[in-house]
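J.: Structure incoming, see below.
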Amino acid sequence: MLGKTAASLFWMSRLLERTENSARLIEAGFRIALTHSSSAADEWASILASSGAKKSYLAKHADYSSAKVIDFLLRDKDNPGSIISLIKQARDSARTGRIALTREVWEATNEAWMNLKTALANPVDERDLPDVLTVIRQQSSLVRGAVLGTMLRNDGFNFIRLGTFIERADSTARILDVKYYLLLPSIAQIGSAVDNVQWETILRSVSAQRSYRWLNGSDISALSVAEYLILHRQMPRSLAFCYAQISENLGYLERDYGNEVTSHRLADDICDRLLGQPVQNIFEAGLHEFIIEFLAANNGLAAQIETDYNFQDRIS
């Protein structure tokens with residue numbers, strides 16, 4: 001399964017995961033902003049910066065009003081990174097690769113598109129934002145459950161999983177960066193009660209609060225949270241977990257096709273060079289700098305996978 005069908009499955013899963021992760025990123029920034037003392041405009045600018053959408057937003061809007069930013073991130077059809085644009089692209093990719101999907105996966109994807117189109121038919125008020133974001137996450141989870149419960153563990157499944165974990169790693173890194181951006185104006189808050197509440201919010205946004213507590217009790221710090229979300233191999237949204245899965249799925253594809261590929265070596269290099277170091281080293285060099293380097297390497301790996309497996313007609 002090379003070329004267009006493989007590309008469709010890879011991008012379907014990336015876009016579905018990106019839909020959910022965009023909701024998580026918005027929620028993280030929004031909840032942290034509620035505890036932050038800067039102006040609302042600064043708060044929304046920080047969220048846009050962490051999501052990578054600030055430049056495109058400013059090309060269309062002159063200010064950072066809550067209503068405009070929320071609408072841009074959720075409903076703006078001219079914004080290719082909006083939730084409504086992402087779920088439509090995911091559904092279109094699923095349609096292109098439908099021959100390789102089970103009926104359950106296709107129906108779950110199509111229903112996610114229809115349900116989110118209904119949920120986002122009208123502008124979302126700031127007070128309703130948490131409930132809408134929950135619906136978005138739930139729709140993505142239903143598709144993922146259909147994939148895990150019904151798909152044959154063949155090359156199509158491996159391309160779907162690669163797309164999922166490429167996007168999930170990107171999301172976790174960006175959510176960590178939300179904390180960096182929102183604390184820039186008030187470094188004095190680091191280590192304070194407000195700081196700890198914000199790190200709790202980061203954990204909640206990646207569904208990691210309870211599992212973190214199981215391992216660490218009530219102790220919370222920037223170092224321990226970052227270590228958990230970057231290096232803990234049992235946490236399913238950590239960077240280390242994502243890359244263990246990426247390496248595994250690339251290994252399955254190598255065995256299926258009988259050839260070694262550059263992307264597998266790149267994934268191993270990211271595991272060793274970036275994710276094989278103590279968290280203290282990451283903080284000494286700078287958490288933000290680490291995240292920027294990781295995002296670039298992650299994007300480079302995604303591009304190399306497309307090259308290695310001869311993807312055609314990529315949807316981006």
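Identifiers in the structure tokens: chain A, B, ... in order shown; residue index from 1 per chain; ligand index from 1 in order shown.
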Could you give me, as a PyMOL selection string, each residue of region 149-253 of chain A that DSSP assigns to helix (DSSP H, G or I) when run on this structure's backbone?

T.: chain A and resi 149-150+155-189+193-205+209-216+222-231+239-253

J.: Which polymer residues have any atom within 9 Å of an atom of region 265-282 of chain A, counting only C-alpha atoms, with same-chain residues fewer than 5 positions away left out, as a ChimeraX atom specification?

T.: /A:223-224,226-227,230-231,239-240,243-244,246-247,250,260,287,289-290,293-294,297-298,300-301,304

J.: Write a file of the selected residues as a PDB file, in the first residue's frame, keeping N, CA and C atoms.

T.:
ATOM      1  N   LEU A 223       9.887  20.999  36.589  1.00  0.00           N
ATOM      2  CA  LEU A 223      10.808  19.925  36.218  1.00  0.00           C
ATOM      3  C   LEU A 223      10.099  18.580  36.169  1.00  0.00           C
ATOM      4  N   SER A 224       9.298  18.277  37.192  1.00  0.00           N
ATOM      5  CA  SER A 224       8.655  16.964  37.247  1.00  0.00           C
ATOM      6  C   SER A 224       7.562  16.818  36.186  1.00  0.00           C
ATOM      7  N   ALA A 226       7.409  18.463  33.255  1.00  0.00           N
ATOM      8  CA  ALA A 226       8.066  18.372  31.958  1.00  0.00           C
ATOM      9  C   ALA A 226       8.680  16.991  31.749  1.00  0.00           C
ATOM     10  N   GLU A 227       9.294  16.448  32.790  1.00  0.00           N
ATOM     11  CA  GLU A 227       9.872  15.109  32.676  1.00  0.00           C
ATOM     12  C   GLU A 227       8.790  14.084  32.357  1.00  0.00           C
ATOM     13  N   ILE A 230       7.552  14.658  28.691  1.00  0.00           N
ATOM     14  CA  ILE A 230       8.575  14.495  27.652  1.00  0.00           C
ATOM     15  C   ILE A 230       9.180  13.099  27.670  1.00  0.00           C
ATOM     16  N   LEU A 231       9.544  12.601  28.849  1.00  0.00           N
ATOM     17  CA  LEU A 231      10.415  11.430  28.922  1.00  0.00           C
ATOM     18  C   LEU A 231       9.771  10.172  29.490  1.00  0.00           C
ATOM     19  N   LEU A 239       6.264  12.564  24.795  1.00  0.00           N
ATOM     20  CA  LEU A 239       7.061  12.515  23.572  1.00  0.00           C
ATOM     21  C   LEU A 239       7.780  11.174  23.453  1.00  0.00           C
ATOM     22  N   ALA A 240       8.297  10.669  24.567  1.00  0.00           N
ATOM     23  CA  ALA A 240       9.025   9.402  24.536  1.00  0.00           C
ATOM     24  C   ALA A 240       8.107   8.250  24.147  1.00  0.00           C
ATOM     25  N   TYR A 243       7.286   8.409  20.400  1.00  0.00           N
ATOM     26  CA  TYR A 243       8.385   7.996  19.529  1.00  0.00           C
ATOM     27  C   TYR A 243       8.715   6.516  19.658  1.00  0.00           C
ATOM     28  N   ALA A 244       8.422   5.913  20.787  1.00  0.00           N
ATOM     29  CA  ALA A 244       8.548   4.461  20.878  1.00  0.00           C
ATOM     30  C   ALA A 244       7.555   3.791  19.926  1.00  0.00           C
ATOM     31  N   ILE A 246       6.191   5.248  17.203  1.00  0.00           N
ATOM     32  CA  ILE A 246       6.594   5.576  15.830  1.00  0.00           C
ATOM     33  C   ILE A 246       7.678   4.616  15.358  1.00  0.00           C
ATOM     34  N   SER A 247       8.679   4.392  16.178  1.00  0.00           N
ATOM     35  CA  SER A 247       9.767   3.473  15.806  1.00  0.00           C
ATOM     36  C   SER A 247       9.228   2.059  15.600  1.00  0.00           C
ATOM     37  N   LEU A 250       7.222   1.963  12.268  1.00  0.00           N
ATOM     38  CA  LEU A 250       8.158   2.001  11.136  1.00  0.00           C
ATOM     39  C   LEU A 250       8.879   0.658  10.994  1.00  0.00           C
ATOM     40  N   GLU A 260      14.973  -1.101   4.319  1.00  0.00           N
ATOM     41  CA  GLU A 260      15.268  -0.134   5.355  1.00  0.00           C
ATOM     42  C   GLU A 260      15.021   1.270   4.816  1.00  0.00           C
ATOM     43  N   LEU A 287      13.862  24.961  27.989  1.00  0.00           N
ATOM     44  CA  LEU A 287      12.713  24.143  27.585  1.00  0.00           C
ATOM     45  C   LEU A 287      12.143  24.619  26.257  1.00  0.00           C
ATOM     46  N   GLU A 289      13.652  26.206  23.844  1.00  0.00           N
ATOM     47  CA  GLU A 289      14.591  25.870  22.767  1.00  0.00           C
ATOM     48  C   GLU A 289      14.502  24.381  22.426  1.00  0.00           C
ATOM     49  N   PHE A 290      14.344  23.546  23.447  1.00  0.00           N
ATOM     50  CA  PHE A 290      14.175  22.113  23.206  1.00  0.00           C
ATOM     51  C   PHE A 290      12.910  21.852  22.394  1.00  0.00           C
ATOM     52  N   GLU A 293      13.351  22.784  18.748  1.00  0.00           N
ATOM     53  CA  GLU A 293      14.173  21.783  18.061  1.00  0.00           C
ATOM     54  C   GLU A 293      13.389  20.496  17.828  1.00  0.00           C
ATOM     55  N   PHE A 294      12.614  20.094  18.832  1.00  0.00           N
ATOM     56  CA  PHE A 294      11.830  18.869  18.685  1.00  0.00           C
ATOM     57  C   PHE A 294      10.776  19.011  17.593  1.00  0.00           C
ATOM     58  N   ALA A 297      12.353  18.675  14.229  1.00  0.00           N
ATOM     59  CA  ALA A 297      12.741  17.298  13.948  1.00  0.00           C
ATOM     60  C   ALA A 297      11.515  16.431  13.661  1.00  0.00           C
ATOM     61  N   ASN A 298      10.437  16.649  14.397  1.00  0.00           N
ATOM     62  CA  ASN A 298       9.202  15.895  14.199  1.00  0.00           C
ATOM     63  C   ASN A 298       8.606  16.165  12.819  1.00  0.00           C
ATOM     64  N   GLY A 300      10.303  17.181  10.255  1.00  0.00           N
ATOM     65  CA  GLY A 300      11.226  16.585   9.298  1.00  0.00           C
ATOM     66  C   GLY A 300      10.990  15.099   9.128  1.00  0.00           C
ATOM     67  N   LEU A 301      10.689  14.418  10.224  1.00  0.00           N
ATOM     68  CA  LEU A 301      10.394  12.981  10.142  1.00  0.00           C
ATOM     69  C   LEU A 301       9.129  12.728   9.326  1.00  0.00           C
ATOM     70  N   GLN A 304       9.913  12.977   5.770  1.00  0.00           N
ATOM     71  CA  GLN A 304      10.730  11.851   5.301  1.00  0.00           C
ATOM     72  C   GLN A 304       9.890  10.594   5.114  1.00  0.00           C
TER      73      GLN A 304
END

J.: With only C-alpha atoms as the counted atoms, please give the residues lying no more than 10 Å from region 92-109 of chain A, apart from itself and same-chain residues fewer than 2 positions off, as an MDAnalysis selection string.

T.: chainID A and resid 1 4:13 15:16 86:90 111:115 139:152 155:157 314:315

J.: Could you name the residues that touch Ser238 (chain A) at 8 Å or less, counting only C-alpha atoms, but leaving out those on the same chain fewer than 6 positions away, as a list of chain:residue names?

T.: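 With the cut-off at 8 Å, the set is A:Ala169, A:Thr172, A:Tyr228, A:Leu229, A:Ile230, A:Leu231, A:His232.
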
J.: For the selection just defined, write its residues with all heavy atoms to a file, as an mmCIF file, in the first residue's frame.

T.:
data_model
loop_
_atom_site.group_PDB
_atom_site.id
_atom_site.type_symbol
_atom_site.label_atom_id
_atom_site.label_comp_id
_atom_site.auth_asym_id
_atom_site.auth_seq_id
_atom_site.Cartn_x
_atom_site.Cartn_y
_atom_site.Cartn_z
ATOM 1 N N ALA A 169 2.701 13.852 19.336
ATOM 2 C CA ALA A 169 3.961 14.398 19.852
ATOM 3 C C ALA A 169 4.031 15.902 19.624
ATOM 4 O O ALA A 169 4.449 16.666 20.501
ATOM 5 C CB ALA A 169 5.141 13.692 19.188
ATOM 6 N N THR A 172 1.686 17.628 22.281
ATOM 7 C CA THR A 172 2.210 17.689 23.640
ATOM 8 C C THR A 172 3.298 18.748 23.755
ATOM 9 O O THR A 172 3.345 19.516 24.728
ATOM 10 C CB THR A 172 2.750 16.320 24.070
ATOM 11 O OG1 THR A 172 1.673 15.371 24.078
ATOM 12 C CG2 THR A 172 3.366 16.376 25.459
ATOM 13 N N TYR A 228 7.638 14.211 33.009
ATOM 14 C CA TYR A 228 6.536 13.273 32.784
ATOM 15 C C TYR A 228 6.016 13.353 31.349
ATOM 16 O O TYR A 228 5.783 12.326 30.707
ATOM 17 C CB TYR A 228 5.421 13.584 33.773
ATOM 18 C CG TYR A 228 4.315 12.562 33.805
ATOM 19 C CD1 TYR A 228 4.574 11.240 34.129
ATOM 20 C CD2 TYR A 228 3.005 12.925 33.525
ATOM 21 C CE1 TYR A 228 3.559 10.296 34.164
ATOM 22 C CE2 TYR A 228 1.976 11.997 33.567
ATOM 23 C CZ TYR A 228 2.272 10.673 33.882
ATOM 24 O OH TYR A 228 1.258 9.742 33.917
ATOM 25 N N LEU A 229 5.860 14.568 30.834
ATOM 26 C CA LEU A 229 5.270 14.740 29.503
ATOM 27 C C LEU A 229 6.286 14.587 28.375
ATOM 28 O O LEU A 229 5.893 14.382 27.229
ATOM 29 C CB LEU A 229 4.598 16.112 29.406
ATOM 30 C CG LEU A 229 3.418 16.343 30.351
ATOM 31 C CD1 LEU A 229 2.777 17.697 30.083
ATOM 32 C CD2 LEU A 229 2.386 15.229 30.219
ATOM 33 N N ILE A 230 7.552 14.658 28.691
ATOM 34 C CA ILE A 230 8.575 14.495 27.652
ATOM 35 C C ILE A 230 9.180 13.099 27.670
ATOM 36 O O ILE A 230 9.274 12.448 26.626
ATOM 37 C CB ILE A 230 9.689 15.550 27.812
ATOM 38 C CG1 ILE A 230 9.136 16.958 27.572
ATOM 39 C CG2 ILE A 230 10.840 15.279 26.833
ATOM 40 C CD1 ILE A 230 10.119 18.071 27.889
ATOM 41 N N LEU A 231 9.544 12.601 28.849
ATOM 42 C CA LEU A 231 10.415 11.430 28.922
ATOM 43 C C LEU A 231 9.771 10.172 29.490
ATOM 44 O O LEU A 231 10.368 9.095 29.390
ATOM 45 C CB LEU A 231 11.653 11.774 29.769
ATOM 46 C CG LEU A 231 12.508 12.939 29.258
ATOM 47 C CD1 LEU A 231 13.645 13.211 30.231
ATOM 48 C CD2 LEU A 231 13.052 12.645 27.857
ATOM 49 N N HIS A 232 8.587 10.265 30.088
ATOM 50 C CA HIS A 232 7.991 9.080 30.720
ATOM 51 C C HIS A 232 7.403 8.155 29.658
ATOM 52 O O HIS A 232 6.435 8.498 28.979
ATOM 53 C CB HIS A 232 6.910 9.485 31.719
ATOM 54 C CG HIS A 232 6.609 8.418 32.726
ATOM 55 N ND1 HIS A 232 5.923 7.271 32.404
ATOM 56 C CD2 HIS A 232 6.927 8.304 34.049
ATOM 57 C CE1 HIS A 232 5.811 6.509 33.464
ATOM 58 N NE2 HIS A 232 6.412 7.105 34.487
#

J.: Would you kindly return, as a PDB file with C-alpha atoms, in the first residue's frame, each protein, DNA or RNA residue with an atom no farther than 9 Å from any atom of Arg168 (chain A), considering only C-alpha atoms and excluding same-chain residues fewer than 3 positions away?

T.:
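Writing the result to out.pdb gives the following:
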ATOM      1  CA  ARG A  14      -2.893  13.199  11.373  1.00  0.00           C
ATOM      2  CA  GLU A  17      -5.468  13.770  15.875  1.00  0.00           C
ATOM      3  CA  ARG A  18      -4.775  17.416  15.042  1.00  0.00           C
ATOM      4  CA  ASN A  21      -5.107  18.207  19.840  1.00  0.00           C
ATOM      5  CA  GLY A 163       0.078   9.825  11.589  1.00  0.00           C
ATOM      6  CA  THR A 164      -1.529   9.688  15.038  1.00  0.00           C
ATOM      7  CA  PHE A 165       1.721   9.701  16.987  1.00  0.00           C
ATOM      8  CA  SER A 171       0.585  18.569  20.329  1.00  0.00           C
ATOM      9  CA  THR A 172       2.210  17.689  23.640  1.00  0.00           C
ATOM     10  CA  ALA A 173       5.221  19.837  22.764  1.00  0.00           C
ATOM     11  CA  ARG A 237       0.891  11.365  25.323  1.00  0.00           C
ATOM     12  CA  SER A 238       4.517  11.841  26.290  1.00  0.00           C
ATOM     13  CA  LEU A 239       7.061  12.515  23.572  1.00  0.00           C
ATOM     14  CA  CYS A 242       4.939   8.618  20.949  1.00  0.00           C
TER      15      CYS A 242
END

J.: For Leu74 (chain A), list every protein, DNA or RNA residue within 8 Å, evaluated using only C-alpha atoms, and leave out those in the same chain fewer than 2 positions away; present the list as a ChimeraX atom specification.

T.: /A:70-72,76,82-84,120

J.: Please produce a file of those selected residues containing N, CA and C atoms, as a CSV table (one decimal), in the first residue's frame.

T.:
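The resulting part.csv:
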chain,number,residue,atom,x,y,z
A,70,ILE,N,-11.6,32.9,19.2
A,70,ILE,CA,-12.3,31.7,19.3
A,70,ILE,C,-12.9,31.3,17.9
A,71,ASP,N,-13.5,32.2,17.2
A,71,ASP,CA,-14.1,31.9,15.9
A,71,ASP,C,-13.1,31.5,14.9
A,72,PHE,N,-11.9,32.2,14.9
A,72,PHE,CA,-10.8,31.9,14.0
A,72,PHE,C,-10.3,30.4,14.3
A,76,ASP,N,-13.4,29.3,11.4
A,76,ASP,CA,-13.0,30.0,10.2
A,76,ASP,C,-12.6,29.1,9.1
A,82,SER,N,-8.2,25.6,11.5
A,82,SER,CA,-9.4,25.7,12.4
A,82,SER,C,-10.0,24.3,12.5
A,83,ILE,N,-10.7,24.1,13.6
A,83,ILE,CA,-11.3,22.8,13.9
A,83,ILE,C,-12.2,22.3,12.7
A,84,ILE,N,-13.0,23.2,12.2
A,84,ILE,CA,-14.0,22.8,11.1
A,84,ILE,C,-13.2,22.5,9.9
A,120,LEU,N,-20.5,23.5,15.5
A,120,LEU,CA,-19.9,24.7,15.2
A,120,LEU,C,-20.6,25.5,14.1
